[in-house]
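Coordinates from target_20.txt are shown below (compact mmCIF, N, CA and C atoms).
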```
# COMPACT_ATOMS: atom_id res chain seq x y z
N MET S 1 -5.65 4.17 -17.53
CA MET S 1 -5.19 2.82 -17.73
C MET S 1 -4.04 2.83 -18.73
N SER S 2 -3.20 1.82 -18.63
CA SER S 2 -2.06 1.72 -19.52
C SER S 2 -2.52 1.21 -20.88
N ALA S 3 -1.59 1.19 -21.82
CA ALA S 3 -1.90 0.71 -23.15
C ALA S 3 -2.36 -0.75 -23.12
N THR S 4 -1.93 -1.52 -22.13
CA THR S 4 -2.32 -2.92 -22.03
C THR S 4 -3.65 -3.09 -21.31
N GLY S 5 -4.23 -2.00 -20.78
CA GLY S 5 -5.50 -2.05 -20.09
C GLY S 5 -5.38 -2.28 -18.60
N ASP S 6 -4.17 -2.48 -18.10
CA ASP S 6 -3.97 -2.67 -16.66
C ASP S 6 -4.11 -1.36 -15.93
N HIS S 7 -4.65 -1.42 -14.72
CA HIS S 7 -4.69 -0.24 -13.87
C HIS S 7 -3.26 0.14 -13.55
N PRO S 8 -2.92 1.44 -13.49
CA PRO S 8 -1.53 1.86 -13.26
C PRO S 8 -0.95 1.36 -11.95
N CYS S 9 -1.78 1.07 -10.96
CA CYS S 9 -1.27 0.56 -9.68
C CYS S 9 -0.61 -0.80 -9.84
N LEU S 10 -1.02 -1.56 -10.85
CA LEU S 10 -0.47 -2.90 -11.05
C LEU S 10 0.97 -2.88 -11.56
N SER S 11 1.43 -1.72 -11.97
CA SER S 11 2.84 -1.62 -12.37
C SER S 11 3.55 -0.59 -11.52
N CYS S 12 3.03 -0.31 -10.35
CA CYS S 12 3.60 0.74 -9.51
C CYS S 12 4.08 0.18 -8.17
N GLY S 13 3.24 0.19 -7.16
CA GLY S 13 3.60 -0.28 -5.83
C GLY S 13 4.34 0.74 -4.99
N ALA S 14 4.50 1.96 -5.50
CA ALA S 14 5.25 2.99 -4.78
C ALA S 14 4.63 3.33 -3.44
N CYS S 15 3.33 3.35 -3.35
CA CYS S 15 2.68 3.69 -2.07
C CYS S 15 3.01 2.65 -1.00
N CYS S 16 3.18 1.42 -1.40
CA CYS S 16 3.48 0.33 -0.46
C CYS S 16 4.92 0.38 0.04
N ALA S 17 5.71 1.24 -0.56
CA ALA S 17 7.11 1.36 -0.18
C ALA S 17 7.47 2.82 0.11
N SER S 18 6.49 3.55 0.66
CA SER S 18 6.73 4.97 0.95
C SER S 18 6.20 5.44 2.30
N PHE S 19 5.23 4.76 2.86
CA PHE S 19 4.56 5.26 4.05
C PHE S 19 4.43 4.20 5.13
N ARG S 20 4.36 4.66 6.39
CA ARG S 20 3.95 3.76 7.48
C ARG S 20 2.45 3.55 7.34
N VAL S 21 2.00 2.36 7.67
CA VAL S 21 0.58 2.05 7.57
C VAL S 21 0.09 1.59 8.94
N ASP S 22 -0.51 2.53 9.69
CA ASP S 22 -1.06 2.26 11.01
C ASP S 22 -2.58 2.11 10.91
N PHE S 23 -3.12 1.21 11.72
CA PHE S 23 -4.56 0.98 11.71
C PHE S 23 -4.98 0.32 13.01
N SER S 24 -6.26 0.20 13.21
CA SER S 24 -6.82 -0.38 14.44
C SER S 24 -6.55 -1.88 14.50
N ALA S 25 -6.21 -2.34 15.69
CA ALA S 25 -6.01 -3.78 15.90
C ALA S 25 -7.28 -4.57 15.60
N CYS S 26 -8.43 -3.92 15.62
CA CYS S 26 -9.70 -4.59 15.31
C CYS S 26 -9.73 -5.11 13.87
N GLU S 27 -8.86 -4.58 13.01
CA GLU S 27 -8.82 -5.01 11.62
C GLU S 27 -8.00 -6.29 11.42
N VAL S 28 -7.31 -6.74 12.47
CA VAL S 28 -6.49 -7.95 12.39
C VAL S 28 -7.39 -9.17 12.55
N ASP S 29 -7.11 -10.24 11.79
CA ASP S 29 -7.99 -11.40 11.78
C ASP S 29 -8.20 -12.03 13.15
N GLU S 30 -7.21 -12.01 14.01
CA GLU S 30 -7.40 -12.61 15.33
C GLU S 30 -8.31 -11.78 16.24
N HIS S 31 -8.69 -10.58 15.79
CA HIS S 31 -9.63 -9.73 16.52
C HIS S 31 -10.93 -9.53 15.74
N GLY S 32 -11.16 -10.39 14.74
CA GLY S 32 -12.40 -10.31 13.98
C GLY S 32 -12.29 -9.59 12.65
N GLY S 33 -11.13 -9.01 12.34
CA GLY S 33 -10.93 -8.33 11.07
C GLY S 33 -10.44 -9.28 9.99
N SER S 34 -9.78 -8.73 8.99
CA SER S 34 -9.33 -9.57 7.87
C SER S 34 -7.83 -9.52 7.60
N VAL S 35 -7.10 -8.57 8.18
CA VAL S 35 -5.66 -8.47 7.95
C VAL S 35 -4.97 -9.62 8.69
N PRO S 36 -4.16 -10.42 7.98
CA PRO S 36 -3.46 -11.53 8.66
C PRO S 36 -2.59 -11.02 9.81
N ALA S 37 -2.75 -11.63 10.99
CA ALA S 37 -2.04 -11.20 12.19
C ALA S 37 -0.52 -11.19 12.01
N GLY S 38 0.00 -12.10 11.21
CA GLY S 38 1.44 -12.17 10.99
C GLY S 38 2.01 -10.97 10.25
N LEU S 39 1.14 -10.17 9.66
CA LEU S 39 1.59 -8.98 8.93
C LEU S 39 1.41 -7.70 9.72
N ALA S 40 0.92 -7.81 10.95
CA ALA S 40 0.68 -6.63 11.78
C ALA S 40 1.60 -6.68 13.00
N VAL S 41 2.20 -5.54 13.31
CA VAL S 41 3.01 -5.43 14.52
C VAL S 41 2.39 -4.37 15.42
N GLU S 42 2.41 -4.63 16.73
CA GLU S 42 1.81 -3.69 17.67
C GLU S 42 2.61 -2.41 17.73
N VAL S 43 1.91 -1.29 17.74
CA VAL S 43 2.54 0.02 17.89
C VAL S 43 2.36 0.47 19.33
N ILE S 44 1.11 0.70 19.70
CA ILE S 44 0.78 1.08 21.07
C ILE S 44 -0.73 0.91 21.24
N GLY S 45 -1.12 0.39 22.37
CA GLY S 45 -2.55 0.23 22.64
C GLY S 45 -3.24 -0.58 21.57
N ASP S 46 -4.27 0.00 20.98
CA ASP S 46 -5.06 -0.68 19.96
C ASP S 46 -4.61 -0.35 18.54
N THR S 47 -3.40 0.18 18.39
CA THR S 47 -2.88 0.53 17.06
C THR S 47 -1.81 -0.46 16.64
N VAL S 48 -1.93 -0.93 15.41
CA VAL S 48 -0.95 -1.83 14.83
C VAL S 48 -0.43 -1.21 13.53
N ARG S 49 0.62 -1.79 13.00
CA ARG S 49 1.25 -1.28 11.78
C ARG S 49 1.55 -2.45 10.85
N MET S 50 1.40 -2.22 9.57
CA MET S 50 1.78 -3.26 8.61
C MET S 50 3.27 -3.52 8.72
N ARG S 51 3.61 -4.80 8.84
CA ARG S 51 5.00 -5.21 8.96
C ARG S 51 5.80 -4.70 7.75
N GLY S 52 6.94 -4.13 8.04
CA GLY S 52 7.83 -3.61 7.00
C GLY S 52 7.68 -2.14 6.73
N THR S 53 6.51 -1.57 7.11
CA THR S 53 6.32 -0.15 6.80
C THR S 53 7.00 0.75 7.82
N ASP S 54 7.56 0.16 8.88
CA ASP S 54 8.32 0.97 9.84
C ASP S 54 9.81 0.87 9.60
N HIS S 55 10.22 0.23 8.54
CA HIS S 55 11.64 0.13 8.18
C HIS S 55 12.07 1.38 7.43
N ALA S 56 13.35 1.54 7.29
CA ALA S 56 13.89 2.66 6.50
C ALA S 56 14.78 2.08 5.40
N PRO S 57 14.38 2.14 4.18
CA PRO S 57 13.12 2.68 3.67
C PRO S 57 11.96 1.69 3.92
N PRO S 58 10.74 2.22 3.99
CA PRO S 58 9.59 1.35 4.22
C PRO S 58 9.30 0.47 3.00
N ARG S 59 8.82 -0.73 3.27
CA ARG S 59 8.30 -1.61 2.22
C ARG S 59 7.38 -2.60 2.89
N CYS S 60 6.12 -2.53 2.58
CA CYS S 60 5.13 -3.41 3.18
C CYS S 60 5.48 -4.86 2.89
N ALA S 61 5.37 -5.69 3.91
CA ALA S 61 5.67 -7.11 3.76
C ALA S 61 4.70 -7.81 2.81
N ALA S 62 3.53 -7.22 2.57
CA ALA S 62 2.56 -7.82 1.66
C ALA S 62 2.80 -7.44 0.19
N LEU S 63 3.72 -6.53 -0.06
CA LEU S 63 4.00 -6.10 -1.43
C LEU S 63 4.80 -7.17 -2.15
N THR S 64 4.33 -7.55 -3.32
CA THR S 64 5.06 -8.50 -4.16
C THR S 64 5.48 -7.80 -5.44
N GLY S 65 6.52 -8.27 -6.06
CA GLY S 65 6.96 -7.72 -7.33
C GLY S 65 7.96 -6.60 -7.16
N ARG S 66 8.14 -5.89 -8.24
CA ARG S 66 9.14 -4.83 -8.31
C ARG S 66 8.47 -3.48 -8.54
N ILE S 67 8.81 -2.52 -7.71
CA ILE S 67 8.21 -1.19 -7.80
C ILE S 67 8.49 -0.59 -9.18
N GLY S 68 7.43 -0.07 -9.78
CA GLY S 68 7.54 0.59 -11.07
C GLY S 68 7.51 -0.35 -12.25
N GLN S 69 7.46 -1.65 -12.00
CA GLN S 69 7.41 -2.61 -13.11
C GLN S 69 6.17 -3.49 -13.04
N ARG S 70 6.12 -4.32 -12.04
CA ARG S 70 4.95 -5.19 -11.84
C ARG S 70 4.83 -5.41 -10.34
N ALA S 71 3.85 -4.83 -9.72
CA ALA S 71 3.69 -4.90 -8.28
C ALA S 71 2.26 -5.28 -7.93
N ALA S 72 2.12 -5.91 -6.77
CA ALA S 72 0.79 -6.30 -6.33
C ALA S 72 0.78 -6.45 -4.81
N CYS S 73 -0.39 -6.30 -4.25
CA CYS S 73 -0.59 -6.54 -2.82
C CYS S 73 -0.94 -8.01 -2.64
N GLY S 74 -0.13 -8.70 -1.84
CA GLY S 74 -0.37 -10.11 -1.59
C GLY S 74 -1.61 -10.39 -0.76
N ILE S 75 -2.17 -9.36 -0.12
CA ILE S 75 -3.38 -9.52 0.69
C ILE S 75 -4.45 -8.52 0.27
N TYR S 76 -4.51 -8.21 -1.00
CA TYR S 76 -5.39 -7.15 -1.50
C TYR S 76 -6.81 -7.24 -0.93
N GLU S 77 -7.41 -8.41 -0.93
CA GLU S 77 -8.79 -8.56 -0.44
C GLU S 77 -8.88 -8.31 1.06
N TRP S 78 -7.77 -8.48 1.79
CA TRP S 78 -7.75 -8.37 3.24
C TRP S 78 -6.95 -7.16 3.73
N ARG S 79 -6.61 -6.24 2.85
CA ARG S 79 -5.77 -5.09 3.21
C ARG S 79 -6.48 -4.20 4.23
N PRO S 80 -5.70 -3.46 5.04
CA PRO S 80 -6.30 -2.60 6.06
C PRO S 80 -6.92 -1.33 5.47
N SER S 81 -7.69 -0.64 6.30
CA SER S 81 -8.43 0.54 5.87
C SER S 81 -7.57 1.65 5.26
N PRO S 82 -6.35 1.95 5.78
CA PRO S 82 -5.57 3.01 5.13
C PRO S 82 -5.23 2.67 3.68
N CYS S 83 -5.01 1.40 3.41
CA CYS S 83 -4.71 0.98 2.04
C CYS S 83 -5.96 1.06 1.16
N ARG S 84 -7.11 0.72 1.73
CA ARG S 84 -8.36 0.81 0.98
C ARG S 84 -8.70 2.26 0.65
N ALA S 85 -8.33 3.17 1.54
CA ALA S 85 -8.65 4.59 1.36
C ALA S 85 -7.65 5.31 0.45
N PHE S 86 -6.48 4.74 0.22
CA PHE S 86 -5.45 5.40 -0.57
C PHE S 86 -5.92 5.54 -2.02
N ALA S 87 -5.86 6.74 -2.56
CA ALA S 87 -6.39 7.00 -3.90
C ALA S 87 -5.29 7.14 -4.94
N ALA S 88 -5.38 6.32 -5.98
CA ALA S 88 -4.47 6.46 -7.11
C ALA S 88 -4.65 7.84 -7.71
N GLY S 89 -3.56 8.51 -7.99
CA GLY S 89 -3.61 9.84 -8.57
C GLY S 89 -3.71 10.96 -7.55
N SER S 90 -3.80 10.63 -6.26
CA SER S 90 -3.89 11.65 -5.21
C SER S 90 -2.52 12.31 -5.01
N ASP S 91 -2.49 13.35 -4.20
CA ASP S 91 -1.21 14.00 -3.89
C ASP S 91 -0.24 13.02 -3.24
N ALA S 92 -0.75 12.18 -2.32
CA ALA S 92 0.10 11.19 -1.66
C ALA S 92 0.65 10.18 -2.68
N CYS S 93 -0.17 9.81 -3.64
CA CYS S 93 0.27 8.92 -4.71
C CYS S 93 1.40 9.57 -5.50
N GLY S 94 1.23 10.83 -5.85
CA GLY S 94 2.27 11.56 -6.58
C GLY S 94 3.56 11.63 -5.80
N HIS S 95 3.46 11.87 -4.50
CA HIS S 95 4.64 11.93 -3.64
C HIS S 95 5.37 10.58 -3.66
N ALA S 96 4.63 9.49 -3.50
CA ALA S 96 5.22 8.15 -3.49
C ALA S 96 5.87 7.84 -4.83
N ARG S 97 5.18 8.17 -5.91
CA ARG S 97 5.74 7.88 -7.25
C ARG S 97 7.02 8.67 -7.49
N ARG S 98 7.02 9.96 -7.12
CA ARG S 98 8.24 10.76 -7.28
C ARG S 98 9.39 10.19 -6.45
N ARG S 99 9.08 9.73 -5.26
CA ARG S 99 10.10 9.16 -4.37
C ARG S 99 10.82 7.98 -5.03
N HIS S 100 10.10 7.28 -5.88
CA HIS S 100 10.67 6.10 -6.55
C HIS S 100 11.03 6.38 -8.01
N GLY S 101 11.09 7.65 -8.37
CA GLY S 101 11.51 8.02 -9.72
C GLY S 101 10.49 7.75 -10.80
N LEU S 102 9.23 7.66 -10.41
CA LEU S 102 8.17 7.40 -11.38
C LEU S 102 7.41 8.69 -11.68
N PRO S 103 6.89 8.84 -12.88
CA PRO S 103 6.11 10.05 -13.18
C PRO S 103 4.79 10.04 -12.44
N VAL S 104 4.33 11.23 -12.09
CA VAL S 104 3.04 11.39 -11.42
C VAL S 104 1.95 11.03 -12.41
N LEU S 105 0.92 10.33 -11.93
CA LEU S 105 -0.20 9.96 -12.78
C LEU S 105 -1.07 11.17 -13.07
N ASP S 106 -1.55 11.27 -14.28
CA ASP S 106 -2.56 12.30 -14.51
C ASP S 106 -3.91 11.65 -14.21
N ASP S 107 -4.90 12.45 -13.90
CA ASP S 107 -6.19 11.94 -13.45
C ASP S 107 -6.79 10.90 -14.40
N ARG S 108 -6.56 11.07 -15.67
CA ARG S 108 -7.15 10.14 -16.66
C ARG S 108 -6.52 8.76 -16.58
N ALA S 109 -5.28 8.65 -16.06
CA ALA S 109 -4.61 7.36 -16.00
C ALA S 109 -5.24 6.44 -14.96
N CYS S 110 -6.01 7.00 -14.06
CA CYS S 110 -6.57 6.22 -12.96
C CYS S 110 -7.94 5.65 -13.27
N TRP S 111 -8.49 5.93 -14.40
CA TRP S 111 -9.84 5.46 -14.70
C TRP S 111 -9.86 4.48 -15.81
```

Rewritten as structure tokens:
Amino acid sequence: MSATGDHPCLSCGACCASFRVDFSACEVDEHGGSVPAGLAVEVIGDTVRMRGTDHAPPRCAALTGRIGQRAACGIYEWRPSPCRAFAAGSDACGHARRRHGLPVLDDRACW
């Protein structure tokens, strides 16, 4: 945690602006899930993608704030499974943070 007690993800957002986020259409609210349909675009078959994550550079449409300063997920409670599974301090987290010029978190920063 930071000196202010905030989780480091609250001042990061790098993961939301580094990767495509594909998931099952069953997770979209119009199919019984919780992800707002307006934030999902069809990929193929039963696979959808978070809007904005297929852009170059990617930036999830649900991301609010500024990367590396103050960032938040606008649909945190309703985010899809890949976002729920993403681990702060993981290798993928380090890759995303480096991509945005941020230092890699050490394991202690995530608790």

May I have a table of the residues of stretch 62-95 of chain S lying at most 12 Å from stretch 8-12 of chain S, giving each one's closest pair of atoms and their distance in Å to one decimal, counting only C-alpha atoms, ordered by chain and ascending residue number, as a tab-separated table?
```
residue	atom	partner	partner_atom	distance
S:Leu63	CA	S:Cys12	CA	10.6
S:Thr64	CA	S:Leu10	CA	10.5
S:Gly65	CA	S:Ser11	CA	8.9
S:Arg66	CA	S:Cys12	CA	7.9
S:Ile67	CA	S:Cys12	CA	5.3
S:Gly68	CA	S:Cys12	CA	4.2
S:Gln69	CA	S:Ser11	CA	4.7
S:Arg70	CA	S:Ser11	CA	4.2
S:Ala71	CA	S:Ser11	CA	5.3
S:Ala72	CA	S:Leu10	CA	6.0
S:Cys73	CA	S:Leu10	CA	9.0
S:Gly74	CA	S:Leu10	CA	11.9
S:Tyr76	CA	S:Leu10	CA	11.6
S:Phe86	CA	S:Cys9	CA	11.1
S:Ala87	CA	S:Cys9	CA	10.1
S:Ala88	CA	S:Cys9	CA	7.2
S:Gly89	CA	S:Pro8	CA	9.5
S:Cys93	CA	S:Cys9	CA	9.8
S:Gly94	CA	S:Cys12	CA	11.3
```

**Message:** DSSP on the backbone: which residues in stretch 42-110 of chain S end up as helix (DSSP H, G or I)? Give the answer as number ranges by chain.
**Reply:** S: 76-78, 81-85, 91-99, 107-110

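Considering only N, CA and C atoms, the residue among S:Val48, S:Val35, S:Ala56, S:Ala92 positioned nearest to S:Glu77 is S:Val35.
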
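Across the model, the gap from atom CA of S:Glu42 to atom CA of S:Asp29 is 13.8 Å.
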
**Complete:** Between S:Arg99, S:Arg79, S:Arg49, S:His31, smallest distance to S:Ala17 by only C-alpha atoms belongs to S:Arg99

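Nearest-residue note for S:Pro57: choosing from S:Leu102, S:Ile75, S:Arg84, S:Ser18, the minimum distance belongs to S:Ser18, counting only N, CA and C atoms.
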
**Message:** If we count only C-alpha atoms and set the cut-off at 7 Å, which residues sit around S:Ala61, ignoring sequence neighbours fewer than 5 positions away in its own chain? Please answer as a VMD selection string.
**Reply:** chain S and resid 39 51 to 52

**Item:** Within-10 Å shell of (-6.8, -4.5, 10.7) in input frame, only C-alpha atoms, as a PyMOL selection string
**Value:** chain S and resi 22-37+39-40+47-50+78-82

Among chain S, which residues does DSSP mark as strand (DSSP E) when it is run on the backbone? Keep the chain and numbering as in the structure and answer as a PDB file with N, CA and C atoms, in the coordinates of the input.
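This went into selection.pdb:
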```pdb
ATOM      1  N   ASP S  22      -0.510   2.530   9.690  1.00  0.00           N
ATOM      2  CA  ASP S  22      -1.060   2.260  11.010  1.00  0.00           C
ATOM      3  C   ASP S  22      -2.580   2.110  10.910  1.00  0.00           C
ATOM      4  N   PHE S  23      -3.120   1.210  11.720  1.00  0.00           N
ATOM      5  CA  PHE S  23      -4.560   0.980  11.710  1.00  0.00           C
ATOM      6  C   PHE S  23      -4.980   0.320  13.010  1.00  0.00           C
ATOM      7  N   SER S  24      -6.260   0.200  13.210  1.00  0.00           N
ATOM      8  CA  SER S  24      -6.820  -0.380  14.440  1.00  0.00           C
ATOM      9  C   SER S  24      -6.550  -1.880  14.500  1.00  0.00           C
ATOM     10  N   ALA S  40       0.920  -7.810  10.950  1.00  0.00           N
ATOM     11  CA  ALA S  40       0.680  -6.630  11.780  1.00  0.00           C
ATOM     12  C   ALA S  40       1.600  -6.680  13.000  1.00  0.00           C
ATOM     13  N   VAL S  41       2.200  -5.540  13.310  1.00  0.00           N
ATOM     14  CA  VAL S  41       3.010  -5.430  14.520  1.00  0.00           C
ATOM     15  C   VAL S  41       2.390  -4.370  15.420  1.00  0.00           C
ATOM     16  N   GLU S  42       2.410  -4.630  16.730  1.00  0.00           N
ATOM     17  CA  GLU S  42       1.810  -3.690  17.670  1.00  0.00           C
ATOM     18  C   GLU S  42       2.610  -2.410  17.730  1.00  0.00           C
ATOM     19  N   VAL S  43       1.910  -1.290  17.740  1.00  0.00           N
ATOM     20  CA  VAL S  43       2.540   0.020  17.890  1.00  0.00           C
ATOM     21  C   VAL S  43       2.360   0.470  19.330  1.00  0.00           C
ATOM     22  N   ILE S  44       1.110   0.700  19.700  1.00  0.00           N
ATOM     23  CA  ILE S  44       0.780   1.080  21.070  1.00  0.00           C
ATOM     24  C   ILE S  44      -0.730   0.910  21.240  1.00  0.00           C
ATOM     25  N   THR S  47      -3.400   0.180  18.390  1.00  0.00           N
ATOM     26  CA  THR S  47      -2.880   0.530  17.060  1.00  0.00           C
ATOM     27  C   THR S  47      -1.810  -0.460  16.640  1.00  0.00           C
ATOM     28  N   VAL S  48      -1.930  -0.930  15.410  1.00  0.00           N
ATOM     29  CA  VAL S  48      -0.950  -1.830  14.830  1.00  0.00           C
ATOM     30  C   VAL S  48      -0.430  -1.210  13.530  1.00  0.00           C
ATOM     31  N   ARG S  49       0.620  -1.790  13.000  1.00  0.00           N
ATOM     32  CA  ARG S  49       1.250  -1.280  11.780  1.00  0.00           C
ATOM     33  C   ARG S  49       1.550  -2.450  10.850  1.00  0.00           C
ATOM     34  N   MET S  50       1.400  -2.220   9.570  1.00  0.00           N
ATOM     35  CA  MET S  50       1.780  -3.260   8.610  1.00  0.00           C
ATOM     36  C   MET S  50       3.270  -3.520   8.720  1.00  0.00           C
ATOM     37  N   LEU S  63       3.720  -6.530  -0.060  1.00  0.00           N
ATOM     38  CA  LEU S  63       4.000  -6.100  -1.430  1.00  0.00           C
ATOM     39  C   LEU S  63       4.800  -7.170  -2.150  1.00  0.00           C
ATOM     40  N   THR S  64       4.330  -7.550  -3.320  1.00  0.00           N
ATOM     41  CA  THR S  64       5.060  -8.500  -4.160  1.00  0.00           C
ATOM     42  C   THR S  64       5.480  -7.800  -5.440  1.00  0.00           C
ATOM     43  N   GLY S  65       6.520  -8.270  -6.060  1.00  0.00           N
ATOM     44  CA  GLY S  65       6.960  -7.720  -7.330  1.00  0.00           C
ATOM     45  C   GLY S  65       7.960  -6.600  -7.160  1.00  0.00           C
ATOM     46  N   ARG S  66       8.140  -5.890  -8.240  1.00  0.00           N
ATOM     47  CA  ARG S  66       9.140  -4.830  -8.310  1.00  0.00           C
ATOM     48  C   ARG S  66       8.470  -3.480  -8.540  1.00  0.00           C
ATOM     49  N   ARG S  70       6.120  -4.320 -12.040  1.00  0.00           N
ATOM     50  CA  ARG S  70       4.950  -5.190 -11.840  1.00  0.00           C
ATOM     51  C   ARG S  70       4.830  -5.410 -10.340  1.00  0.00           C
ATOM     52  N   ALA S  71       3.850  -4.830  -9.720  1.00  0.00           N
ATOM     53  CA  ALA S  71       3.690  -4.900  -8.280  1.00  0.00           C
ATOM     54  C   ALA S  71       2.260  -5.280  -7.930  1.00  0.00           C
ATOM     55  N   ALA S  72       2.120  -5.910  -6.770  1.00  0.00           N
ATOM     56  CA  ALA S  72       0.790  -6.300  -6.330  1.00  0.00           C
ATOM     57  C   ALA S  72       0.780  -6.450  -4.810  1.00  0.00           C
ATOM     58  N   CYS S  73      -0.390  -6.300  -4.250  1.00  0.00           N
ATOM     59  CA  CYS S  73      -0.590  -6.540  -2.820  1.00  0.00           C
ATOM     60  C   CYS S  73      -0.940  -8.010  -2.640  1.00  0.00           C
TER      61      CYS S  73
END
```

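Here atom CA of S:Arg20 is placed at a distance of 19.3 Å from atom CA of S:Gly101.
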
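Interatomic distance, atom CA of S:Ile44 against atom CA of S:Arg59: 20.5 Å.
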
**Prompt:** So, counting only C-alpha atoms, which residue among S:Ala62, S:His7, S:Ala96, S:Gly13 is closest to S:Gly38?
**Reply:** S:Ala62
